[in-house]
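Please read the structure below before turning to the comments.
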Amino acid sequence: MRLLIRFVKQAQRRTQIRPIRHYNFSTVSDLSGTLRDDPKGDTSCAWLCGSSPHIVESLREFVDVQVDFISEEEQQVLMRELEPGLKKKRYEFDHWDDAIHGFRETERVQWGAACEAVIRRLRAHAFPQGSQLLGPVHVLDLDKAGFIKPHIDSVKFCGTTIAGLSLLSDSVMRLVHEEEKTEWVDLFLPQRSLYILRKEARYKYTHEIMKDAESFFAGRRVPRQRRISVICRNLPE
């Protein structure tokens with residue numbers, strides 16, 4: 001049984017894309033520059049927008065995006081370690097419950113020294129000290145034509161926090177309230193960034209990675225290429 005069966009609770013139909021409100025910048029390139037150039041890192045959550053200021057504010061403490069969490073060199077080191085194993089697998093364009101399209105995946109327990117240092121830094125940043133972590137690191141490789149449909153990771157196997165590195169491509173992650181479908185937020189995920197979903201964002205909202213044709217943030221196009229995510233989770237309490 002495939003790895004994702006353990007993590008996907010349910011897949012829901014895509015929420016219809018609604019007009020997106022603008023926050024703090026005029027273009028996606030302006031956003032990327034602002035996020036990377038501000039020496040104090042004070043971007044007023046420029047990577048976050050949503051259906052209303054209220055929903056953005058209510059989710060702010062449960063989501064985070066750390067831009068340039070890893071360097072170009074660290075991304076290259078990770079790719080050198082991951083690529084040989086991934087190349088042995090074919091991209092799959094059908095999934096047992098139609099939750100994911102155009103993907104291949106693996107799990108890693110052991111890493112080379114440089115990659116292990118990155119994983120330790122990720123875990124130290126995303127999880128409280130002493131957290132019981134899910135041992136294997138999940139590596140998900142999305143083809144340029146691939147995408148992940150709305151889902152909530154299973155509470156049986158995953159705890160309060162999901163944290164993932166985004167490699168190779170910028171992307172947009174959408175969170176939609178499980179019951180109130182008109183309430184949603186988008187996260188702009190530049191390549192080499194770290195995203196973190198905690199508590200309410202983890203349990204009450206579906207999350208998805210937008211397909212290339214629908215990859216927009218605050219009304220601006222975010223071209224999607226092949227994307228690899230390196231995902232860590234904690235265990236249920």
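Residue numbers start at 1 in each chain; chains themselves are named A, B, ... in the order of the structure tokens; ligands are numbered from 1 in the order shown.
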Contact residues around stretch 69-81 of chain A with only C-alpha atoms at 12 Å, ignoring same-chain residues under 6 positions, as a count of residues only: 39
Backbone-only DSSP, helix (DSSP H, G or I) members of stretch 51-126 of chain A, as an MDAnalysis selection string: chainID A and resid 53:62 72:87 113:126
Of the listed residues A:Phe216, A:Phe62, A:Tyr91, A:Phe103, that which approaches A:Thr161 most closely, counting only C-alpha atoms: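 Between A:Phe216, A:Phe62, A:Tyr91, A:Phe103, the residue approaching A:Thr161 most closely is A:Phe62.
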A:His101 environment, 10 Å, only C-alpha atoms, sequence neighbours closer than 2 positions dropped, as number ranges by chain: A: 91-95, 98-99, 103-104, 142-143, 145-149, 211
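Of the listed residues (A:Thr106, A:Asn234, A:Gln132, A:Ser215), A:Asn234 comes nearest to A:Gly159; the distances count only C-alpha atoms.
Across the model, the gap from atom CA of A:Arg174 to atom CA of A:Asp64 is 13.2 Å.
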d(atom CA of A:Lys199, atom CA of A:Pro128) in Å: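 Interatomic distance, atom CA of A:Lys199 to atom CA of A:Pro128: 13.2 Å.
Every protein or nucleic acid residue with an atom no more than 10 Å from stretch 55-58 of chain A, counting only C-alpha atoms and leaving out same-chain residues fewer than 4 positions away, appears here: Cys45, Leu48, Cys49, Gly50, Ser51, Phe62, Val63, His177, Glu183, Trp184, Val185, Asp186, Glu200 and Ala201 of chain A.
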For A:His138, the nearest of the candidates A:Arg202, A:His151, A:Glu83, A:Val109, counting only C-alpha atoms: A:Val109
